[in-house]
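Novice: So here's protein-v3.cif (mmCIF, C-alpha atoms and all ligand atoms).
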data_data
#
loop_
_atom_site.label_atom_id
_atom_site.label_comp_id
_atom_site.auth_asym_id
_atom_site.auth_seq_id
_atom_site.Cartn_x
_atom_site.Cartn_y
_atom_site.Cartn_z
CA MET Z 1 -57.28 45.16 -68.71
CA SER Z 2 -58.91 47.30 -71.40
CA ARG Z 3 -59.44 51.01 -70.87
CA VAL Z 4 -63.22 50.64 -70.95
CA LEU Z 5 -63.20 47.83 -68.41
CA ARG Z 6 -60.83 49.79 -66.17
CA SER Z 7 -63.13 52.79 -66.39
CA HIS Z 8 -66.19 50.70 -65.36
CA LEU Z 9 -64.17 49.21 -62.51
CA ARG Z 10 -63.28 52.71 -61.32
CA ASP Z 11 -66.99 53.63 -61.42
CA ALA Z 12 -67.82 50.65 -59.20
CA ILE Z 13 -65.03 51.48 -56.74
CA ALA Z 14 -66.01 55.18 -56.72
CA LYS Z 15 -69.64 54.30 -55.89
CA LEU Z 16 -68.61 51.90 -53.15
CA LEU Z 17 -66.24 54.46 -51.59
CA LEU Z 18 -69.02 57.05 -51.54
CA VAL Z 19 -71.61 54.63 -50.12
CA VAL Z 20 -69.31 53.74 -47.20
CA ARG Z 21 -68.59 57.50 -46.86
CA ALA Z 22 -64.83 57.04 -47.36
CA THR Z 23 -64.93 59.82 -49.96
CA GLU Z 24 -67.94 61.79 -48.66
CA PRO Z 25 -66.70 65.35 -49.28
CA ALA Z 26 -67.87 67.03 -46.06
CA CYS Z 27 -66.37 64.20 -43.93
CA ARG Z 28 -63.19 63.85 -45.90
CA LEU Z 29 -62.52 67.58 -45.98
CA ARG Z 30 -63.67 68.55 -42.48
CA GLY Z 31 -61.02 70.75 -40.89
CA ARG Z 32 -59.71 71.61 -44.35
CA LEU Z 33 -60.15 74.50 -46.77
CA PRO Z 34 -60.77 73.35 -50.35
CA ILE Z 35 -60.65 75.91 -53.18
CA ILE Z 36 -61.92 75.14 -56.68
CA THR Z 37 -60.70 76.77 -59.91
CA PHE Z 38 -62.44 77.59 -63.17
CA HIS Z 39 -61.20 79.55 -66.16
CA ARG Z 40 -63.57 80.01 -69.08
CA VAL Z 41 -67.26 79.20 -69.10
CA LEU Z 42 -68.39 78.62 -72.69
CA PRO Z 43 -71.43 77.00 -74.29
CA GLU Z 44 -70.50 73.75 -76.05
CA GLU Z 45 -70.29 75.21 -79.55
CA GLU Z 46 -67.92 77.96 -78.43
CA ARG Z 47 -65.82 75.55 -76.40
CA ARG Z 48 -65.37 73.43 -79.52
CA ALA Z 49 -64.06 76.51 -81.35
CA TYR Z 50 -61.62 77.34 -78.52
CA ALA Z 51 -58.05 76.06 -78.92
CA MET Z 52 -57.67 75.20 -75.21
CA PRO Z 53 -60.99 73.43 -74.45
CA GLY Z 54 -59.56 71.91 -71.25
CA LEU Z 55 -59.68 75.40 -69.73
CA ALA Z 56 -63.44 75.70 -70.23
CA VAL Z 57 -66.59 74.26 -68.69
CA THR Z 58 -70.06 74.76 -70.14
CA PRO Z 59 -72.70 76.67 -68.11
CA SER Z 60 -74.54 73.42 -67.37
CA GLU Z 61 -71.33 71.69 -66.25
CA LEU Z 62 -70.59 74.69 -64.02
CA GLU Z 63 -74.04 74.45 -62.47
CA TRP Z 64 -73.69 70.71 -61.88
CA LEU Z 65 -70.28 71.19 -60.24
CA LEU Z 66 -71.40 74.08 -58.04
CA CYS Z 67 -74.53 72.18 -56.93
CA PHE Z 68 -72.33 69.18 -56.10
CA PHE Z 69 -70.16 71.33 -53.83
CA GLY Z 70 -73.14 73.26 -52.44
CA LYS Z 71 -74.56 70.03 -50.97
CA SER Z 72 -71.54 69.50 -48.72
CA PHE Z 73 -69.87 72.88 -48.28
CA HIS Z 74 -70.47 76.47 -47.34
CA CYS Z 75 -69.40 77.96 -50.67
CA GLY Z 76 -68.20 81.53 -51.16
CA THR Z 77 -65.43 83.90 -52.14
CA LEU Z 78 -61.83 83.16 -51.27
CA ALA Z 79 -61.61 86.00 -48.72
CA ASP Z 80 -64.82 84.92 -46.94
CA SER Z 81 -63.89 81.23 -47.02
CA VAL Z 82 -60.41 81.82 -45.58
CA ARG Z 83 -61.93 83.93 -42.79
CA ARG Z 84 -64.76 81.49 -42.02
CA ALA Z 85 -62.44 78.45 -42.08
CA ARG Z 86 -60.15 80.18 -39.60
CA GLU Z 87 -63.05 81.10 -37.29
CA GLU Z 88 -64.90 77.75 -37.55
CA PRO Z 89 -62.29 75.14 -38.48
CA ALA Z 90 -64.43 72.17 -37.39
CA ALA Z 91 -67.73 73.28 -38.99
CA ASP Z 92 -70.04 70.45 -40.18
CA ARG Z 93 -70.23 72.22 -43.53
CA PRO Z 94 -66.61 73.15 -44.25
CA SER Z 95 -65.92 76.33 -46.19
CA LEU Z 96 -65.09 76.05 -49.88
CA ALA Z 97 -63.90 78.89 -52.08
CA ILE Z 98 -64.97 79.27 -55.72
CA THR Z 99 -62.41 80.99 -57.98
CA PHE Z 100 -62.32 82.01 -61.64
CA ASP Z 101 -58.98 82.92 -63.27
CA ASP Z 102 -58.23 85.34 -66.11
CA GLY Z 103 -61.18 87.78 -66.06
CA GLN Z 104 -62.70 86.61 -69.33
CA VAL Z 105 -66.00 88.18 -70.39
CA ASP Z 106 -67.57 84.72 -70.62
CA ASN Z 107 -67.43 84.71 -66.81
CA TRP Z 108 -69.84 87.64 -66.88
CA CYS Z 109 -72.05 86.19 -69.61
CA HIS Z 110 -72.21 82.58 -68.43
CA ALA Z 111 -70.83 82.15 -64.88
CA LYS Z 112 -72.59 85.07 -63.21
CA PRO Z 113 -76.11 83.93 -64.21
CA VAL Z 114 -75.41 80.44 -62.79
CA LEU Z 115 -73.99 81.90 -59.58
CA ASP Z 116 -76.97 84.26 -59.27
CA ARG Z 117 -79.44 81.42 -59.84
CA ILE Z 118 -78.00 79.19 -57.13
CA GLY Z 119 -77.10 82.04 -54.78
CA MET Z 120 -73.33 81.67 -54.56
CA LYS Z 121 -70.53 84.24 -54.52
CA ALA Z 122 -67.11 83.71 -56.08
CA SER Z 123 -63.69 85.31 -56.55
CA PHE Z 124 -62.58 86.50 -59.99
CA PHE Z 125 -58.84 86.98 -60.63
CA VAL Z 126 -58.11 89.69 -63.15
CA PRO Z 127 -54.96 90.41 -65.21
CA VAL Z 128 -55.10 94.21 -65.09
CA GLU Z 129 -53.39 95.15 -68.37
CA SER Z 130 -55.67 92.83 -70.33
CA VAL Z 131 -58.76 94.55 -68.95
CA GLU Z 132 -57.26 97.89 -70.04
CA SER Z 133 -55.96 96.81 -73.49
CA GLY Z 134 -58.32 93.97 -74.44
CA VAL Z 135 -55.34 92.08 -75.91
CA PRO Z 136 -55.74 88.30 -75.34
CA LEU Z 137 -53.44 86.60 -72.83
CA TRP Z 138 -50.31 85.18 -74.38
CA HIS Z 139 -51.34 81.55 -73.87
CA ASP Z 140 -54.57 82.19 -75.80
CA ARG Z 141 -52.66 84.03 -78.54
CA ILE Z 142 -50.27 81.10 -79.04
CA ALA Z 143 -53.00 78.48 -78.86
CA GLN Z 144 -55.29 80.22 -81.35
CA ALA Z 145 -52.39 81.00 -83.75
CA VAL Z 146 -51.12 77.40 -83.62
CA ALA Z 147 -54.60 76.04 -84.26
CA ARG Z 148 -55.07 78.44 -87.19
CA ALA Z 149 -51.61 77.78 -88.65
CA SER Z 150 -52.07 74.00 -88.36
CA ALA Z 151 -55.38 74.18 -90.22
CA ARG Z 152 -54.09 76.49 -92.98
CA TYR Z 153 -50.45 75.41 -93.42
CA PRO Z 154 -49.98 72.02 -91.71
CA SER Z 155 -46.46 71.23 -92.98
CA GLU Z 156 -45.11 74.73 -92.22
CA ALA Z 157 -46.68 74.57 -88.76
CA ALA Z 158 -45.07 71.18 -88.08
CA ARG Z 159 -41.66 72.49 -89.22
CA PHE Z 160 -42.05 75.67 -87.19
CA ALA Z 161 -42.94 73.74 -84.03
CA ARG Z 162 -39.81 71.57 -84.43
CA GLU Z 163 -37.53 74.50 -85.23
CA PHE Z 164 -38.01 76.16 -81.84
CA ALA Z 165 -38.22 73.04 -79.70
CA PRO Z 166 -35.35 71.95 -77.48
CA ALA Z 167 -33.15 69.36 -79.24
CA ASP Z 168 -34.40 66.53 -77.03
CA ARG Z 169 -38.12 67.12 -77.65
CA ALA Z 170 -40.16 66.06 -80.65
CA MET Z 171 -42.56 69.00 -80.65
CA LYS Z 172 -45.80 68.75 -82.61
CA PRO Z 173 -47.93 71.81 -83.46
CA ALA Z 174 -50.44 71.05 -80.68
CA PRO Z 175 -51.70 74.20 -78.89
CA HIS Z 176 -51.53 72.70 -75.41
CA ASP Z 177 -47.93 71.42 -75.84
CA LEU Z 178 -46.63 74.64 -77.34
CA VAL Z 179 -48.23 76.75 -74.62
CA ALA Z 180 -46.49 74.51 -72.06
CA PHE Z 181 -43.20 75.01 -73.91
CA ALA Z 182 -43.66 78.81 -74.07
CA LYS Z 183 -44.23 78.98 -70.32
CA GLY Z 184 -40.51 78.32 -69.87
CA LEU Z 185 -39.44 81.27 -72.04
CA ARG Z 186 -38.55 84.69 -70.67
CA ALA Z 187 -41.11 87.41 -71.45
CA GLU Z 188 -39.29 88.98 -74.43
CA GLU Z 189 -38.50 85.57 -75.96
CA ARG Z 190 -42.08 84.48 -75.46
CA ASP Z 191 -43.44 87.65 -77.07
CA ARG Z 192 -41.28 86.97 -80.14
CA TYR Z 193 -42.46 83.37 -80.20
CA VAL Z 194 -46.11 84.48 -80.07
CA GLU Z 195 -45.55 87.01 -82.87
CA ARG Z 196 -43.83 84.45 -85.10
CA TRP Z 197 -46.77 82.07 -84.73
CA GLU Z 198 -49.22 84.88 -85.46
CA GLU Z 199 -47.25 85.85 -88.57
CA LEU Z 200 -47.31 82.26 -89.79
CA ALA Z 201 -51.01 81.81 -89.02
CA GLY Z 202 -52.12 85.04 -90.69
CA ASP Z 203 -55.14 87.07 -89.65
CA GLY Z 204 -58.03 85.38 -87.98
CA LEU Z 205 -61.40 86.71 -86.95
CA ARG Z 206 -61.54 87.05 -83.19
CA PRO Z 207 -64.74 85.35 -82.04
CA ASP Z 208 -67.22 87.68 -80.34
CA TRP Z 209 -67.23 85.54 -77.20
CA ASP Z 210 -63.53 86.24 -76.64
CA GLY Z 211 -62.44 89.23 -74.54
CA PHE Z 212 -62.22 90.50 -70.98
CA MET Z 213 -64.71 91.87 -68.52
CA SER Z 214 -64.93 95.66 -68.47
CA TRP Z 215 -64.31 97.81 -65.42
CA GLU Z 216 -68.09 98.39 -65.21
CA GLN Z 217 -68.76 94.65 -65.16
CA LEU Z 218 -66.04 94.05 -62.57
CA ARG Z 219 -67.42 96.84 -60.43
CA SER Z 220 -70.90 95.38 -60.69
CA LEU Z 221 -69.59 91.97 -59.58
CA SER Z 222 -67.74 93.55 -56.67
CA ASP Z 223 -70.76 95.66 -55.63
CA SER Z 224 -72.97 92.57 -55.58
CA GLY Z 225 -70.73 90.65 -53.15
CA HIS Z 226 -68.35 88.79 -55.44
CA GLU Z 227 -64.64 89.26 -54.84
CA ILE Z 228 -62.25 90.70 -57.40
CA GLY Z 229 -58.63 89.66 -56.90
CA SER Z 230 -55.41 90.45 -58.73
CA HIS Z 231 -53.96 88.11 -61.34
CA SER Z 232 -50.94 90.47 -61.84
CA MET Z 233 -50.56 93.22 -64.45
CA SER Z 234 -49.49 91.21 -67.52
CA HIS Z 235 -50.05 87.55 -66.54
CA ALA Z 236 -46.26 87.24 -66.30
CA ILE Z 237 -44.58 84.05 -65.11
CA LEU Z 238 -43.35 85.77 -61.96
CA PRO Z 239 -40.31 83.61 -61.02
CA LEU Z 240 -38.84 84.48 -64.46
CA CYS Z 241 -39.14 88.22 -63.70
CA SER Z 242 -36.66 90.56 -61.99
CA SER Z 243 -37.47 91.52 -58.39
CA GLU Z 244 -38.52 95.02 -59.56
CA GLU Z 245 -40.89 93.53 -62.12
CA ILE Z 246 -42.41 91.24 -59.49
CA VAL Z 247 -43.06 94.18 -57.16
CA ARG Z 248 -44.78 96.04 -60.00
CA GLU Z 249 -46.85 93.05 -61.18
CA VAL Z 250 -48.03 92.34 -57.64
CA GLY Z 251 -48.26 95.80 -56.04
CA GLU Z 252 -49.31 98.00 -58.95
CA SER Z 253 -52.09 95.60 -59.98
CA ARG Z 254 -53.57 95.90 -56.47
CA ARG Z 255 -53.44 99.69 -56.62
CA VAL Z 256 -55.09 99.85 -60.06
CA LEU Z 257 -57.86 97.45 -59.04
CA GLU Z 258 -58.52 99.37 -55.83
CA SER Z 259 -58.72 102.69 -57.67
CA HIS Z 260 -61.19 101.34 -60.26
CA LEU Z 261 -63.34 99.30 -57.90
CA ASP Z 262 -63.18 101.51 -54.83
CA THR Z 263 -62.70 98.56 -52.49
CA SER Z 264 -59.82 96.83 -50.73
CA ILE Z 265 -58.24 93.99 -52.76
CA GLY Z 266 -57.20 91.13 -50.49
CA SER Z 267 -56.48 88.16 -52.77
CA PHE Z 268 -53.80 87.43 -55.35
CA CYS Z 269 -53.49 84.60 -57.87
CA TYR Z 270 -50.05 83.73 -59.32
CA PRO Z 271 -50.23 83.48 -63.13
CA ASN Z 272 -49.75 79.85 -64.13
CA GLY Z 273 -49.48 79.13 -60.39
CA ASP Z 274 -45.74 79.88 -60.45
CA TRP Z 275 -44.17 81.56 -57.44
CA ASP Z 276 -40.90 81.81 -55.51
CA ALA Z 277 -39.79 83.40 -52.23
CA ARG Z 278 -39.61 86.86 -53.86
CA CYS Z 279 -43.23 86.57 -54.98
CA ILE Z 280 -44.42 85.59 -51.49
CA GLU Z 281 -42.56 88.59 -50.06
CA ALA Z 282 -44.06 90.95 -52.66
CA VAL Z 283 -47.58 89.62 -52.04
CA HIS Z 284 -47.14 90.03 -48.28
CA ASP Z 285 -45.56 93.49 -48.54
CA SER Z 286 -48.23 94.73 -50.96
CA GLY Z 287 -50.92 94.12 -48.34
CA TYR Z 288 -52.71 91.03 -49.66
CA GLN Z 289 -54.28 88.69 -47.11
CA GLN Z 290 -54.05 85.46 -49.15
CA ALA Z 291 -52.83 84.10 -52.48
CA VAL Z 292 -53.56 80.98 -54.51
CA VAL Z 293 -51.40 78.67 -56.63
CA THR Z 294 -52.45 75.98 -59.12
CA ALA Z 295 -50.91 72.98 -57.33
CA TRP Z 296 -53.62 70.34 -56.80
CA GLY Z 297 -54.81 69.89 -53.22
CA ASP Z 298 -56.65 71.37 -50.25
CA ASN Z 299 -55.40 73.38 -47.27
CA PRO Z 300 -55.66 73.29 -43.50
CA ALA Z 301 -58.68 75.30 -42.27
CA ARG Z 302 -56.29 77.37 -40.15
CA VAL Z 303 -53.44 78.21 -42.48
CA GLU Z 304 -50.21 79.19 -40.78
CA LYS Z 305 -47.95 82.10 -41.72
CA ASP Z 306 -46.69 82.07 -45.32
CA ASP Z 307 -48.92 79.11 -46.24
CA ARG Z 308 -51.81 81.56 -46.70
CA PHE Z 309 -49.83 82.97 -49.64
CA ARG Z 310 -49.62 79.61 -51.43
CA LEU Z 311 -53.06 78.08 -51.07
CA ARG Z 312 -53.62 74.98 -53.19
CA ARG Z 313 -56.64 74.46 -55.41
CA PHE Z 314 -58.67 71.79 -57.20
CA ASP Z 315 -58.78 72.60 -60.92
CA MET Z 316 -62.23 71.76 -62.28
CA GLN Z 317 -62.12 69.98 -65.63
CA SER Z 318 -65.43 68.35 -66.36
CA ASP Z 319 -63.76 65.41 -68.15
CA HIS Z 320 -62.20 64.37 -64.85
CA SER Z 321 -65.60 64.02 -63.20
CA ARG Z 322 -67.19 61.75 -65.80
CA ASP Z 323 -67.94 58.06 -65.47
CA ALA Z 324 -67.35 55.31 -68.04
CA ARG Z 325 -70.53 56.33 -69.90
CA GLY Z 326 -69.43 59.96 -70.09
CA ASN Z 327 -71.96 61.25 -67.53
CA LEU Z 328 -70.96 63.63 -64.75
CA SER Z 329 -70.55 61.48 -61.66
CA ARG Z 330 -70.82 62.53 -58.00
CA ALA Z 331 -68.90 59.41 -56.98
CA ARG Z 332 -66.06 60.07 -59.41
CA LEU Z 333 -65.68 63.71 -58.36
CA ALA Z 334 -65.91 62.88 -54.65
CA TRP Z 335 -63.14 60.31 -55.12
CA ARG Z 336 -61.00 62.69 -57.13
CA ILE Z 337 -60.98 65.43 -54.49
CA SER Z 338 -60.81 63.07 -51.52
CA GLY Z 339 -57.11 62.29 -51.80
CA PHE Z 340 -58.09 58.63 -51.33
CA HIS Z 341 -55.72 56.53 -53.49
CA PRO Z 342 -55.25 59.50 -55.83
CA GLY Z 343 -53.49 57.42 -58.50
CA LEU Z 344 -56.66 55.48 -59.24
CA GLY Z 345 -59.17 58.29 -59.04
CA SER Z 346 -58.94 60.05 -62.35
ZN ZN B 1 -54.25 82.84 -65.58
#
Rewrite the structure of this file - the entire thing - as structure tokens.
Specialist:
Amino acid sequence: MSRVLRSHLRDAIAKLLLVVRATEPACRLRGRLPIITFHRVLPEEERRAYAMPGLAVTPSELEWLLCFFGKSFHCGTLADSVRRAREEPAADRPSLAITFDDGQVDNWCHAKPVLDRIGMKASFFVPVESVESGVPLWHDRIAQAVARASARYPSEAARFAREFAPADRAMKPAPHDLVAFAKGLRAEERDRYVERWEELAGDGLRPDWDGFMSWEQLRSLSDSGHEIGSHSMSHAILPLCSSEEIVREVGESRRVLESHLDTSIGSFCYPNGDWDARCIEAVHDSGYQQAVVTAWGDNPARVEKDDRFRLRRFDMQSDHSRDARGNLSRARLAWRISGFHPGLGS
């Protein structure tokens, strides 16, 4: 069956499943706690210029997605949603938490106005050292350098990508693939890898939409009812860190955020969603109430013990909610998050 035909068939199945309420979100997820994830929010032209467009939604896509969830759920911050789900696990309108990772300034410019307009609060996870230094996160540095190097020096970039790849992998200079590869490197190795790509790529103008929210902006979000959570100090892949480094990344980031924002910080987000038993212990011992991972899925409304420190999320990529004609589709998204025959839903 052709791809196009398969896509139209999925549309028909998705509509049917929604009509018979098999994938109706509030029914399907009653007694559960879904959490949705966004990263960047960029207007279309800026998203096209960004080397990792899969990490961005446009403001209008964000609004469509939030309105979709607002019809079926009581939407709010992670802390409020965890609390409400625990207190009212069988509510007709289940709680749903809205989260934004990485603290990018586009969240302030483009997500906040949408949230204000539709009256929703969200949680923003902030990598503390990036707010203080303004230096882009390492995955953005690699992605932008690879994109620049590939455009300027395609054959050198192809050779460079192969040179550092494991022997069994045919690595192309594609930003997404090389970021995935770099995630497996220890911090010092990864820093060298980033620097080598930046040397090859040469200087590039940093677009004015790139950067992090300031302490003033974060404080304003916090004061107006949004939640600020920790996304570690340096966006480190925590299971690759020593136990001392984990304690610092988790505990120190909470202390810095609390001192700048003058409020208690209750939520933590593991960079790249990677965690191990040492991370859970550090998150617990540092005084957090809950923590999120990136594994796809929802959670019981009443999370037990350590499970509140590894809450699953639904990553929101607008491409995954589009029908065969490319339009955003309620039926497609409802199917995708329903867990109903997940292999056919995307
Ligand atoms: Zn992140």
Novice: Smallest atom-to-atom distance to ligand ZN 1 (chain B): which of Z:Asp140, Z:Asp92, Z:Asp223, Z:Glu46, using all atoms listed in the file?
Specialist: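 Looking only at the distances to ligand ZN 1 (chain B), the closest residue turns out to be Z:Asp140.
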Novice: How far is it from CA of Val146 in chain Z to CA of Ala180 in chain Z, in Å with one decimal?
Specialist: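 These atoms are spaced 12.8 Å apart.
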Novice: Using all atoms of range 289-294 of chain Z listed in the file and a margin of 3 Å per side, can you give the axis-aligned box centre and edge lengths in Å to one decimal, as lines of an AutoDock Vina configuration file?
Specialist:
center_x = -52.8
center_y = 82.3
center_z = -53.1
size_x = 8.9
size_y = 18.7
size_z = 18.0
Novice: Between Z:Phe164, Z:Trp335, Z:Phe125, Z:Trp215, single out the one closest to Pro271 in chain Z, counting only C-alpha atoms.
Specialist: Z:Phe125
Novice: Name the residues in contact with range 322-324 of chain Z at a cut-off of 6 Å, using all atoms listed in the file, excluding same-chain residues fewer than 3 positions from it; report them as a tab-separated table (two decimals) with C-alpha atoms, in the frame of the given file.
Specialist:
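The resulting file, result-v4.tsv, is shown below:
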chain	number	residue	atom	x	y	z
Z	7	SER	CA	-63.13	52.79	-66.39
Z	8	HIS	CA	-66.19	50.70	-65.36
Z	319	ASP	CA	-63.76	65.41	-68.15
Z	327	ASN	CA	-71.96	61.25	-67.53
Z	328	LEU	CA	-70.96	63.63	-64.75
Z	329	SER	CA	-70.55	61.48	-61.66
Novice: How close does each residue of chain Z get to ligand ZN 1 (chain B), giving the shortest atom pair and distance in Å to one decimal for every residue with an atom at most 6 Å away, counting all atoms listed in the file, sorted by chain and residue number, as a Markdown table?
Specialist:
| residue | atom | partner | partner_atom | distance |
| --- | --- | --- | --- | --- |
| Z:Asp101 | CA | B:ZN1 | ZN | 5.3 |
| Z:Asp102 | CA | B:ZN1 | ZN | 4.7 |
| Z:Pro271 | CA | B:ZN1 | ZN | 4.8 |
| Z:Asn272 | CA | B:ZN1 | ZN | 5.6 |
Novice: For Val283 in chain Z, which of Z:Ile246, Z:Ala301, Z:Met171, Z:Val57 is the closest residue, counting all atoms listed in the file?
Specialist: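 The answer is Z:Ile246, which sits nearest to Val283 in chain Z.
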Novice: Please provide as a ChimeraX atom specification all residues within 10 Å of Tyr270 in chain Z, with the sequence filter that same-chain residues fewer than 6 positions apart are discarded (counting only C-alpha atoms).
Specialist: /Z:101,125,230-232,235-239,250,279-280,283,291-294,309-310
Novice: Dump C-alpha atoms for the selected residues as a PDB file, keeping the file's coordinate frame?
Specialist:
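And here's again-v2.pdb as it stands now:
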ATOM      1  CA  ASP Z 101     -58.980  82.920 -63.270  1.00  0.00           C
ATOM      2  CA  PHE Z 125     -58.840  86.980 -60.630  1.00  0.00           C
ATOM      3  CA  SER Z 230     -55.410  90.450 -58.730  1.00  0.00           C
ATOM      4  CA  HIS Z 231     -53.960  88.110 -61.340  1.00  0.00           C
ATOM      5  CA  SER Z 232     -50.940  90.470 -61.840  1.00  0.00           C
ATOM      6  CA  HIS Z 235     -50.050  87.550 -66.540  1.00  0.00           C
ATOM      7  CA  ALA Z 236     -46.260  87.240 -66.300  1.00  0.00           C
ATOM      8  CA  ILE Z 237     -44.580  84.050 -65.110  1.00  0.00           C
ATOM      9  CA  LEU Z 238     -43.350  85.770 -61.960  1.00  0.00           C
ATOM     10  CA  PRO Z 239     -40.310  83.610 -61.020  1.00  0.00           C
ATOM     11  CA  VAL Z 250     -48.030  92.340 -57.640  1.00  0.00           C
ATOM     12  CA  CYS Z 279     -43.230  86.570 -54.980  1.00  0.00           C
ATOM     13  CA  ILE Z 280     -44.420  85.590 -51.490  1.00  0.00           C
ATOM     14  CA  VAL Z 283     -47.580  89.620 -52.040  1.00  0.00           C
ATOM     15  CA  ALA Z 291     -52.830  84.100 -52.480  1.00  0.00           C
ATOM     16  CA  VAL Z 292     -53.560  80.980 -54.510  1.00  0.00           C
ATOM     17  CA  VAL Z 293     -51.400  78.670 -56.630  1.00  0.00           C
ATOM     18  CA  THR Z 294     -52.450  75.980 -59.120  1.00  0.00           C
ATOM     19  CA  PHE Z 309     -49.830  82.970 -49.640  1.00  0.00           C
ATOM     20  CA  ARG Z 310     -49.620  79.610 -51.430  1.00  0.00           C
TER      21      ARG Z 310
END
Novice: Using all atoms listed in the file, which residue out of Z:Ala187, Z:Ala12, Z:Ala201, Z:Ala79 lies closest to His226 in chain Z?
Specialist: Z:Ala79
